[in-house]
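**Student:** Here you go, one structure.
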Amino acid sequence: MKVHLVTTFTSEGLVCQLYGGEKYHVGAVVLSIPRPSLQDSVQISSNSSVLPLLGHKDDEIAKPLAESLAIYFKEPVVMVAGIHIDHATKEEINNIIKNCWQAAKKLMEGPQSNSKNK
């Protein structure tokens with residue numbers, strides 16, 4: 001199942017839209033802010049605030065993706081996610097998750113990553 005990750009790089013962070021499935025929608029919003037790791041201050045970690053809409057599970061993929069992007073780019077990330085498939089099977093859900101991670105990997109490997117990843 002196809003997913004779309006649309007990202008705008010601003011002067012102070014990334015704004016990401018993650019959509020896919022049969023019905024694009026707003027299912028969750030995540031704000032991830034990079035910070036020094038509590039276990040090793042040389043490493044980067046992140047804090048996240050998550051706002052899922054009632055009955056939606058989009059935050060389950062949006063949160064780890066937003067955190068990974070915040071850590072990689074060392075910038076705050078806002079992610080709006082909405083992926084829906086009626087009566088999705090476990091295989092379809094796993095495929096969507098895999099595709100979301102592939103989209104994030106493409107973003108991290110893209111031309112803007114060289115100038116943004118400090």
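Residues in the structure tokens are named by chain (A, B, ... in the order shown) and by number from 1 within that chain; ligands are numbered from 1 in the order shown.
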Write down as JSON, numbers by chain the residues of range 8-118 of chain A whose backbone DSSP state falls under strand (DSSP E or B).
**Tutor:** {"A": [8, 9, 10, 13, 14, 15, 16, 17, 18, 19, 20, 21, 28, 29, 30, 31, 32, 33, 34, 35, 36, 44, 45, 46, 47, 48, 49, 50, 51, 52, 77, 78, 79, 80, 81, 82, 83, 84]}
**Student:** When you look at range 56-70 of chain A with a cut-off of 6 Å (counting only C-alpha atoms), what residues show up, excluding the ones that are within fewer than 4 positions of it in the same chain? I need them as a CSV table (one decimal) with N, CA, C and O atoms, in the first residue's frame.
**Tutor:**
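As a result, result30.csv now contains:
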```csv
chain,number,residue,atom,x,y,z
A,27,GLY,N,-5.2,11.9,11.5
A,27,GLY,CA,-5.5,10.9,12.6
A,27,GLY,C,-4.6,11.1,13.8
A,27,GLY,O,-5.0,10.7,14.9
A,28,ALA,N,-3.5,11.8,13.7
A,28,ALA,CA,-2.6,12.1,14.8
A,28,ALA,C,-1.7,13.2,14.4
A,28,ALA,O,-1.3,13.4,13.3
A,32,SER,N,8.1,16.3,17.8
A,32,SER,CA,9.3,15.7,18.4
A,32,SER,C,10.4,16.8,18.4
A,32,SER,O,10.7,17.4,17.4
A,34,PRO,N,14.4,17.3,19.3
A,34,PRO,CA,15.7,16.7,19.6
A,34,PRO,C,16.3,17.3,20.9
A,34,PRO,O,16.1,18.5,21.2
A,52,PRO,N,-3.4,11.9,19.4
A,52,PRO,CA,-4.1,11.1,18.4
A,52,PRO,C,-5.6,11.5,18.5
A,52,PRO,O,-6.1,11.8,19.6
A,74,LYS,N,18.4,16.8,13.6
A,74,LYS,CA,18.6,17.7,14.7
A,74,LYS,C,17.8,18.9,14.7
A,74,LYS,O,18.3,20.0,15.0
A,75,GLU,N,16.5,18.7,14.3
A,75,GLU,CA,15.6,19.8,14.2
A,75,GLU,C,14.2,19.4,14.8
A,75,GLU,O,13.9,18.2,14.7
A,76,PRO,N,13.4,20.3,15.3
A,76,PRO,CA,12.0,19.9,15.7
A,76,PRO,C,11.3,19.4,14.5
A,76,PRO,O,11.5,19.8,13.3
A,77,VAL,N,10.4,18.4,14.7
A,77,VAL,CA,9.6,17.8,13.6
A,77,VAL,C,8.1,17.8,14.1
A,77,VAL,O,7.8,17.3,15.2
A,81,ALA,N,-0.4,12.7,10.6
A,81,ALA,CA,-0.5,11.4,9.9
A,81,ALA,C,-1.9,11.0,9.8
A,81,ALA,O,-2.7,11.2,10.8
A,82,GLY,N,-2.2,10.4,8.7
A,82,GLY,CA,-3.5,9.8,8.5
A,82,GLY,C,-3.5,8.7,7.4
A,82,GLY,O,-3.4,9.0,6.2
```
**Student:** Record the distance separating CA of Ile71 in chain A and CA of Leu107 in chain A, expressed in Å with one decimal.
**Tutor:**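 Between these atoms lies a distance of 13.2 Å.
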**Student:** Quick one: residues within 10 Å of Gln102 in chain A, only C-alpha atoms counted, chain neighbours fewer than 5 positions away excluded, as JSON, numbers by chain?
**Tutor:** {"A": [3, 5, 96, 97, 107, 108]}
**Student:** Within 7 Å of Ser48 in chain A, counting only C-alpha atoms, which residues qualify if same-chain residues fewer than 5 places away don't, as a list in words?
**Tutor:** Val30, Leu31, Ser32 and Ile33 of chain A
**Student:** Quick one: write out the picked residues with C-alpha atoms as a compact mmCIF listing (two decimals), in the first residue's frame?
**Tutor:**
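Dumped to part21.txt:
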```txt
# COMPACT_ATOMS: atom_id res chain seq x y z
CA VAL A 30 3.23 14.54 16.78
CA LEU A 31 5.79 17.15 17.82
CA SER A 32 9.29 15.71 18.37
CA ILE A 33 12.09 17.88 19.72
```
**Student:** For CA of Cys100 in chain A and CA of Pro36 in chain A, determine how far apart the two atoms are, in Å to one decimal place.
**Tutor:** 25.8 Å
**Student:** Using only C-alpha atoms, which of the listed residues (A:Lys90, A:Lys98, A:Lys2, A:His84) sits closest to Val26 in chain A?
**Tutor:**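 Looking at the shortest contact to Val26 in chain A, the residue is A:His84.
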**Student:** Going by DSSP on the backbone, which bits of range 17-72 of chain A are helix (DSSP H, G or I)? Write them as a list in words, please.
**Tutor:**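 Residues of range 17-72 of chain A classed as helix (DSSP H, G or I): Asp59, Glu60, Ile61, Ala62, Lys63, Pro64, Leu65, Ala66, Glu67, Ser68, Leu69, Ala70, Ile71 and Tyr72 of chain A.
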**Student:** For the atom pair CA of Lys106 in chain A and CA of Tyr72 in chain A, what is the interatomic distance in Å to one decimal place?
**Tutor:** 12.4 Å
**Student:** Looking at A:Ile44, A:Ile83, A:Leu53, A:Val78, which one is nearest to Tyr19 in chain A, with distances taken over only C-alpha atoms?
**Tutor:**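 Closest to Tyr19 in chain A of all the choices is A:Ile83.
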